[in-house]
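Structure data (compact mmCIF, C-alpha atoms (C1' of nucleotides)) from query.txt:
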# COMPACT_ATOMS: atom_id res chain seq x y z
CA MET Z 1 13.07 19.23 -6.94
CA THR Z 2 9.68 20.57 -5.89
CA THR Z 3 6.46 18.57 -5.82
CA ARG Z 4 3.15 19.93 -4.60
CA GLY Z 5 4.92 22.98 -3.29
CA ILE Z 6 7.22 20.98 -1.05
CA GLU Z 7 10.83 19.94 -1.47
CA TRP Z 8 11.14 16.40 -2.83
CA PRO Z 9 14.38 14.39 -2.84
CA ALA Z 10 16.24 14.00 -6.13
CA SER Z 11 18.52 11.18 -4.97
CA THR Z 12 18.32 8.10 -2.80
CA ALA Z 13 20.69 9.72 -0.30
CA GLU Z 14 18.39 12.71 0.07
CA ALA Z 15 15.36 10.44 0.36
CA VAL Z 16 16.93 8.41 3.14
CA ALA Z 17 17.94 11.59 4.97
CA GLU Z 18 14.37 12.86 4.66
CA GLN Z 19 13.01 9.65 6.19
CA GLU Z 20 15.43 9.91 9.08
CA ARG Z 21 14.43 13.53 9.61
CA LEU Z 22 10.68 12.87 9.58
CA ARG Z 23 10.57 9.61 11.50
CA ASP Z 24 10.73 11.35 14.87
CA LEU Z 25 7.44 13.05 14.05
CA VAL Z 26 5.55 9.76 13.93
CA ASP Z 27 2.94 9.49 16.68
CA LEU Z 28 2.96 6.01 18.21
CA GLY Z 29 1.00 6.94 21.30
CA ALA Z 30 -2.45 7.96 20.07
CA ALA Z 31 -5.17 5.30 20.20
CA GLY Z 32 -6.67 6.25 16.83
CA PRO Z 33 -10.28 6.48 15.64
CA ASP Z 34 -12.79 3.90 16.81
CA PRO Z 35 -15.36 2.46 14.37
CA ALA Z 36 -18.13 3.08 16.91
CA ALA Z 37 -17.24 6.77 17.11
CA GLY Z 38 -18.28 7.36 13.51
CA GLY Z 39 -16.24 9.31 11.00
CA THR Z 40 -14.64 8.10 7.78
CA VAL Z 41 -11.81 5.95 6.51
CA ALA Z 42 -10.08 6.40 3.15
CA GLY Z 43 -8.34 3.72 1.13
CA VAL Z 44 -5.57 4.93 -1.20
CA ASP Z 45 -3.74 3.18 -4.02
CA VAL Z 46 -1.66 3.90 -7.13
CA ALA Z 47 -1.56 2.35 -10.62
CA TYR Z 48 1.30 2.67 -13.09
CA ASP Z 49 1.74 2.72 -16.86
CA GLU Z 50 5.19 1.36 -17.62
CA ASN Z 51 5.28 2.78 -21.12
CA SER Z 52 4.56 6.40 -20.31
CA ASP Z 53 5.71 6.60 -16.66
CA ARG Z 54 2.26 7.96 -16.01
CA LEU Z 55 0.60 7.06 -12.74
CA ALA Z 56 -2.82 7.51 -11.22
CA ALA Z 57 -3.85 7.58 -7.58
CA ALA Z 58 -7.25 7.12 -6.01
CA ALA Z 59 -8.76 7.83 -2.61
CA VAL Z 60 -12.04 6.16 -1.72
CA VAL Z 61 -13.80 7.27 1.45
CA LEU Z 62 -16.01 4.90 3.42
CA ASP Z 63 -18.23 5.61 6.37
CA LEU Z 64 -16.44 4.06 9.33
CA ALA Z 65 -19.64 2.76 10.83
CA THR Z 66 -21.55 1.50 7.78
CA LEU Z 67 -18.63 0.96 5.37
CA GLU Z 68 -20.69 2.63 2.63
CA VAL Z 69 -18.76 4.66 0.05
CA VAL Z 70 -19.33 8.34 0.69
CA GLU Z 71 -16.85 9.97 -1.69
CA GLN Z 72 -13.94 9.30 -4.02
CA ALA Z 73 -11.27 11.23 -5.92
CA THR Z 74 -8.39 10.58 -8.31
CA ALA Z 75 -5.24 12.32 -9.49
CA THR Z 76 -2.88 11.52 -12.34
CA GLY Z 77 0.69 12.54 -12.94
CA ARG Z 78 4.18 11.45 -13.91
CA ALA Z 79 6.41 9.31 -11.74
CA ALA Z 80 8.82 11.66 -9.99
CA PHE Z 81 10.85 8.94 -8.30
CA PRO Z 82 11.74 5.35 -9.24
CA TYR Z 83 10.53 2.34 -7.29
CA LEU Z 84 13.19 1.40 -4.80
CA PRO Z 85 12.44 -0.95 -1.89
CA GLY Z 86 12.39 1.21 1.21
CA LEU Z 87 11.65 4.40 -0.71
CA LEU Z 88 8.19 3.61 -2.05
CA ALA Z 89 6.60 6.70 -0.49
CA PHE Z 90 8.61 9.08 -2.67
CA ARG Z 91 7.09 7.47 -5.72
CA GLU Z 92 3.49 7.07 -4.57
CA LEU Z 93 2.85 9.95 -2.21
CA PRO Z 94 2.66 12.90 -4.66
CA PRO Z 95 -0.40 11.63 -6.55
CA VAL Z 96 -1.93 10.15 -3.39
CA LEU Z 97 -1.75 13.50 -1.60
CA ASP Z 98 -3.25 15.17 -4.66
CA ALA Z 99 -6.17 12.74 -4.62
CA LEU Z 100 -6.72 13.32 -0.90
CA ASP Z 101 -6.69 17.08 -1.52
CA ARG Z 102 -9.52 16.67 -4.00
CA LEU Z 103 -11.86 15.23 -1.40
CA SER Z 104 -14.43 17.63 0.01
CA ALA Z 105 -13.56 16.55 3.54
CA ARG Z 106 -10.40 15.08 5.01
CA PRO Z 107 -10.93 11.50 6.21
CA ASP Z 108 -10.39 10.51 9.85
CA LEU Z 109 -8.21 7.54 8.94
CA VAL Z 110 -6.22 6.36 5.92
CA VAL Z 111 -5.42 2.78 4.92
CA CYS Z 112 -2.30 2.46 2.78
CA ASP Z 113 -1.29 -0.30 0.39
CA GLY Z 114 2.09 -1.09 1.93
CA TYR Z 115 3.89 -0.69 5.24
CA GLY Z 116 4.13 1.77 8.09
CA ILE Z 117 6.62 1.26 10.88
CA ALA Z 118 7.57 -2.12 9.41
CA HIS Z 119 10.34 -0.59 7.36
CA PRO Z 120 14.16 -0.68 7.36
CA ARG Z 121 14.25 2.81 8.92
CA ARG Z 122 10.86 2.55 10.63
CA PHE Z 123 9.32 5.05 8.24
CA GLY Z 124 7.27 3.35 5.56
CA LEU Z 125 4.55 4.77 3.31
CA ALA Z 126 1.83 4.88 5.98
CA CYS Z 127 4.09 6.76 8.43
CA HIS Z 128 5.10 9.23 5.75
CA LEU Z 129 1.52 9.89 4.72
CA GLY Z 130 0.44 10.26 8.34
CA VAL Z 131 3.18 12.71 9.23
CA LEU Z 132 2.62 14.85 6.13
CA THR Z 133 -1.16 15.00 6.51
CA GLY Z 134 -1.57 14.65 10.26
CA ILE Z 135 -4.23 12.00 9.64
CA PRO Z 136 -4.08 8.67 11.52
CA ALA Z 137 -2.85 6.02 9.08
CA PHE Z 138 -1.77 2.38 8.89
CA GLY Z 139 -0.58 0.01 6.20
CA VAL Z 140 -1.86 -3.32 4.92
CA ALA Z 141 0.70 -5.09 2.74
CA LYS Z 142 0.33 -8.26 0.69
CA THR Z 143 3.84 -9.66 1.14
CA PRO Z 144 6.22 -9.94 4.16
CA PHE Z 145 8.82 -7.60 2.61
CA VAL Z 146 12.03 -8.21 4.57
CA PHE Z 147 10.40 -9.37 7.79
CA ASP Z 148 9.86 -12.70 9.52
CA HIS Z 149 6.69 -14.29 10.82
CA GLU Z 150 5.23 -17.61 11.84
CA GLU Z 151 2.21 -18.90 9.98
CA PRO Z 152 -0.94 -17.61 11.73
CA GLY Z 153 -3.78 -19.99 12.66
CA PRO Z 154 -6.25 -20.90 9.90
CA ARG Z 155 -9.19 -18.86 11.11
CA ARG Z 156 -10.20 -15.33 10.26
CA GLY Z 157 -8.70 -13.05 12.90
CA ASP Z 158 -5.76 -15.31 13.74
CA TRP Z 159 -2.43 -13.53 13.74
CA THR Z 160 1.26 -13.78 14.56
CA PRO Z 161 3.79 -11.01 15.19
CA LEU Z 162 5.72 -9.60 12.26
CA LEU Z 163 9.33 -9.41 13.34
CA ASP Z 164 12.45 -7.51 12.44
CA GLY Z 165 14.92 -9.55 14.46
CA ASP Z 166 13.39 -9.56 17.94
CA GLU Z 167 11.43 -6.36 17.40
CA VAL Z 168 7.69 -6.51 16.69
CA VAL Z 169 6.92 -4.23 13.76
CA GLY Z 170 3.44 -5.43 12.81
CA ARG Z 171 1.21 -8.47 12.47
CA ALA Z 172 0.58 -11.19 9.92
CA LEU Z 173 -3.23 -11.17 10.05
CA ARG Z 174 -5.56 -13.77 8.56
CA THR Z 175 -8.58 -11.88 7.19
CA GLN Z 176 -10.26 -14.88 5.56
CA GLU Z 177 -10.29 -18.57 6.39
CA SER Z 178 -7.66 -20.55 4.46
CA VAL Z 179 -6.44 -17.47 2.62
CA LYS Z 180 -2.94 -16.03 2.85
CA PRO Z 181 -2.56 -13.47 5.64
CA VAL Z 182 -2.01 -9.74 5.09
CA PHE Z 183 0.64 -7.74 6.90
CA VAL Z 184 -0.55 -4.88 9.06
CA SER Z 185 1.66 -2.19 10.55
CA VAL Z 186 1.06 1.11 12.26
CA GLY Z 187 1.65 4.28 10.34
CA HIS Z 188 0.71 7.27 12.48
CA ALA Z 189 -1.51 8.06 15.44
CA ILE Z 190 -3.13 4.65 15.76
CA THR Z 191 -2.55 1.49 17.73
CA LEU Z 192 -1.53 -1.81 16.11
CA ALA Z 193 -4.48 -3.58 17.74
CA LYS Z 194 -6.87 -0.96 16.42
CA ALA Z 195 -5.30 -1.04 12.96
CA CYS Z 196 -5.87 -4.80 12.89
CA ALA Z 197 -9.45 -4.37 14.11
CA HIS Z 198 -10.14 -1.94 11.26
CA THR Z 199 -8.47 -4.28 8.79
CA LEU Z 200 -10.68 -7.17 9.85
CA ARG Z 201 -13.82 -5.09 9.62
CA LEU Z 202 -12.84 -3.78 6.20
CA ALA Z 203 -11.93 -7.25 4.93
CA SER Z 204 -15.19 -8.96 5.82
CA ARG Z 205 -15.56 -10.63 2.43
CA TYR Z 206 -12.16 -10.64 0.75
CA ARG Z 207 -8.51 -10.91 1.72
CA LEU Z 208 -7.84 -7.19 1.33
CA PRO Z 209 -9.71 -4.29 2.97
CA GLU Z 210 -12.67 -3.04 0.95
CA SER Z 211 -11.11 0.42 1.04
CA THR Z 212 -7.98 -0.65 -0.82
CA ARG Z 213 -9.92 -2.89 -3.20
CA ARG Z 214 -12.10 0.05 -4.18
CA ALA Z 215 -9.12 2.39 -4.47
CA ASP Z 216 -7.28 -0.19 -6.58
CA ARG Z 217 -10.13 -0.41 -9.06
CA LEU Z 218 -10.60 3.32 -9.21
CA CYS Z 219 -6.96 4.22 -9.83
CA ARG Z 220 -6.73 1.59 -12.58
CA ASP Z 221 -9.75 3.11 -14.28
CA ALA Z 222 -8.32 6.60 -13.88
CA LEU Z 223 -5.01 5.47 -15.37
CA ALA Z 224 -6.69 3.80 -18.33
CA ALA Z 225 -8.64 6.98 -19.00
CA ALA Z 226 -5.51 9.12 -18.75
CA VAL Z 227 -3.55 6.87 -21.11
CA ALA Z 228 -6.39 6.72 -23.62
CA GLY Z 229 -7.52 10.31 -23.70
CA GLY Z 230 -4.94 12.32 -21.76
CA SER Z 231 -1.92 14.15 -23.13
CA ARG Z 232 -0.21 12.30 -25.95
CA THR Z 233 3.29 10.93 -25.50
CA PRO Z 234 5.54 12.80 -27.99
CA LEU Z 235 6.93 9.75 -29.74
CA THR Z 236 5.07 9.77 -33.03
CA GLY Z 237 4.83 13.51 -33.36
CA ALA Z 238 1.32 15.01 -33.28
C1' DG R 25 30.48 -10.00 -4.57
C1' DC R 26 25.53 -12.01 -4.93
C1' DG R 27 20.68 -12.28 -3.93
C1' DA R 28 16.40 -10.14 -1.64
C1' DC R 29 13.54 -6.45 -1.91
C1' DA R 30 6.32 -2.76 0.22
C1' DG R 31 4.31 -1.24 -4.92
C1' DA I 9 3.34 -2.45 -10.07
C1' DT I 10 2.30 -5.16 -14.69
C1' DC I 11 2.26 -9.11 -18.09
C1' DT I 12 -0.88 -13.45 -18.70
C1' DT I 13 -3.66 -19.41 -19.63
C1' DG I 14 -5.57 -22.38 -17.50
C1' DT I 15 -7.60 -24.26 -13.43
C1' DC I 16 -10.02 -25.07 -9.07
C1' DG I 17 -14.17 -24.08 -6.45
C1' DC I 18 -18.53 -21.90 -4.80
Same coordinates, now as structure tokens:
Amino acid sequence: MTTRGIEWPASTAEAVAEQERLRDLVDLGAAGPDPAAGGTVAGVDVAYDENSDRLAAAAVVLDLATLEVVEQATATGRAAFPYLPGLLAFRELPPVLDALDRLSARPDLVVCDGYGIAHPRRFGLACHLGVLTGIPAFGVAKTPFVFDHEEPGPRRGDWTPLLDGDEVVGRALRTQESVKPVFVSVGHAITLAKACAHTLRLASRYRLPESTRRADRLCRDALAAAVAGGSRTPLTGA
DNA sequence: GCGACAG
DNA sequence: ATCTTGTCGC
């Protein structure tokens, strides 16, 4: 199957093979963009409509220094892959890449709603997006997935390692006092410490980064608009 | 074999 | 992800 002009897996076996092929291209050495250096950061997210298998993605770009919104874009489409734990990228990436393509300028950093290296095969959504676009990326997830962690301290900024056995794959990071931690992992071309620093800056008021909160709202709106006005589902005729 | 399982 | 009432707290 072909999506966005590139070959896309049609089975779980092909998807797994693709992850194992691409994972060696992940850059774990680069420091990544620094907030003080200027530039932009984009938050991306996807919303689904269970009845029509339609989905909508959004990319919201913030100024890295001021955190002001500078641009945003959306893309809608049809789910081309089911949700399977460990294969999330094959479901979400097509519309996300479309939304990123619609921006006037490529961002210097992307924050994903999910995991990066914290993944059964060390190639989660944020790694996949980073390798395909070449843009530094990391993931901020809301649940521990299959990993272990100790409860971080109660204060904003407190963290504990996220572990896969004895291997550190990310951090459980407290972004707000007495609020559940988020789970940060490196995706591509950025350091874990720097990814956490960006996460804290972006989550100055709420649990989740402002970038993903904005993207979440935008893709929901885009989906609602697509379901309401977009192409009709051929169930009732007309 | 049975559960768990990013979104 | 999405479905959902009430409830607690600033």
Which one is closest to chain I: Z:Gly134, Z:Pro144, Z:Pro82, Z:Gly38? Count all atoms listed in the file.
-> Z:Pro82
Enumerate, in order of chain and increasing residue number, the residues of chain R with an atom no farther than 7 Å from chain Z, each with its shortest atom pair and distance in Å to one decimal, counting all atoms listed in the file, as a tab-separated table.
residue	atom	partner	partner_atom	distance
R:DC29	C1'	Z:Pro85	CA	5.6
R:DA30	C1'	Z:Gly114	CA	4.9
R:DG31	C1'	Z:Leu88	CA	6.8
Using only C-alpha atoms (C1' of nucleotides), determine which residues of chain I fall within 12 Å of chain Z; present them as a VMD selection string.
-> chain I and resid 9 to 11
Residues within 12 Å of Cys112 of chain Z, all atoms listed in the file, excluding chain neighbours under 2 positions, as a compact mmCIF listing (two decimals) with C-alpha atoms (C1' of nucleotides), in the frame of the given file:
# COMPACT_ATOMS: atom_id res chain seq x y z
CA VAL Z 41 -11.81 5.95 6.51
CA ALA Z 42 -10.08 6.40 3.15
CA GLY Z 43 -8.34 3.72 1.13
CA VAL Z 44 -5.57 4.93 -1.20
CA ASP Z 45 -3.74 3.18 -4.02
CA VAL Z 46 -1.66 3.90 -7.13
CA ALA Z 57 -3.85 7.58 -7.58
CA ALA Z 58 -7.25 7.12 -6.01
CA ALA Z 59 -8.76 7.83 -2.61
CA VAL Z 60 -12.04 6.16 -1.72
CA LEU Z 88 8.19 3.61 -2.05
CA ALA Z 89 6.60 6.70 -0.49
CA GLU Z 92 3.49 7.07 -4.57
CA LEU Z 93 2.85 9.95 -2.21
CA VAL Z 96 -1.93 10.15 -3.39
CA LEU Z 97 -1.75 13.50 -1.60
CA LEU Z 109 -8.21 7.54 8.94
CA VAL Z 110 -6.22 6.36 5.92
CA GLY Z 114 2.09 -1.09 1.93
CA TYR Z 115 3.89 -0.69 5.24
CA GLY Z 116 4.13 1.77 8.09
CA GLY Z 124 7.27 3.35 5.56
CA LEU Z 125 4.55 4.77 3.31
CA ALA Z 126 1.83 4.88 5.98
CA CYS Z 127 4.09 6.76 8.43
CA HIS Z 128 5.10 9.23 5.75
CA LEU Z 129 1.52 9.89 4.72
CA GLY Z 130 0.44 10.26 8.34
CA ILE Z 135 -4.23 12.00 9.64
CA PRO Z 136 -4.08 8.67 11.52
CA ALA Z 137 -2.85 6.02 9.08
CA PHE Z 138 -1.77 2.38 8.89
CA GLY Z 139 -0.58 0.01 6.20
CA VAL Z 140 -1.86 -3.32 4.92
CA ALA Z 141 0.70 -5.09 2.74
CA LYS Z 142 0.33 -8.26 0.69
CA PHE Z 183 0.64 -7.74 6.90
CA VAL Z 184 -0.55 -4.88 9.06
CA SER Z 185 1.66 -2.19 10.55
CA VAL Z 186 1.06 1.11 12.26
CA GLY Z 187 1.65 4.28 10.34
CA HIS Z 188 0.71 7.27 12.48
CA ALA Z 195 -5.30 -1.04 12.96
CA THR Z 199 -8.47 -4.28 8.79
CA LEU Z 208 -7.84 -7.19 1.33
CA PRO Z 209 -9.71 -4.29 2.97
CA GLU Z 210 -12.67 -3.04 0.95
CA SER Z 211 -11.11 0.42 1.04
CA THR Z 212 -7.98 -0.65 -0.82
CA ARG Z 213 -9.92 -2.89 -3.20
CA ALA Z 215 -9.12 2.39 -4.47
CA ASP Z 216 -7.28 -0.19 -6.58
C1' DA R 30 6.32 -2.76 0.22
C1' DG R 31 4.31 -1.24 -4.92
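In this model, the gap between atom CA of Leu55 of chain Z and atom CA of Ala15 of chain Z comes to 20.0 Å.
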Point-to-point distance from atom CA of Ala222 of chain Z to atom CA of Arg54 of chain Z, Å rounded to tenths |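 Answer for the atom CA of Ala222 of chain Z to atom CA of Arg54 of chain Z separation: 10.9 Å.
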List every protein, DNA or RNA residue with an atom no more than 12 Å from (-13.5, 6.8, 16.8) in the file's coordinates, counting all atoms listed in the file, and format the result as a PyMOL selection string.
-> chain Z and resi 30-41+63-65+107-109+136+190+194-195+198
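Minimum atom-to-atom distances from Z:Gly153, Z:Pro120, Z:Gly5, Z:Pro181 to Gly165 of chain Z were compared using only C-alpha atoms, and the lowest value belongs to Z:Pro120.
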So how far away is atom CA of Arg78 of chain Z from atom CA of Ala10 of chain Z, in Å?
-> 14.6 Å
Using the file's own x, y and z axes, so that the box edges lie along x, y and z, what centre and edge lengths in Å (one decimal) does a box around every listed atom of segment 25-43 of chain Z get when 8 Å is added on each side? Give it as JSON.
{"center_x": -5.4, "center_y": 7.8, "center_z": 11.2, "size_x": 41.7, "size_y": 26.6, "size_z": 36.2}
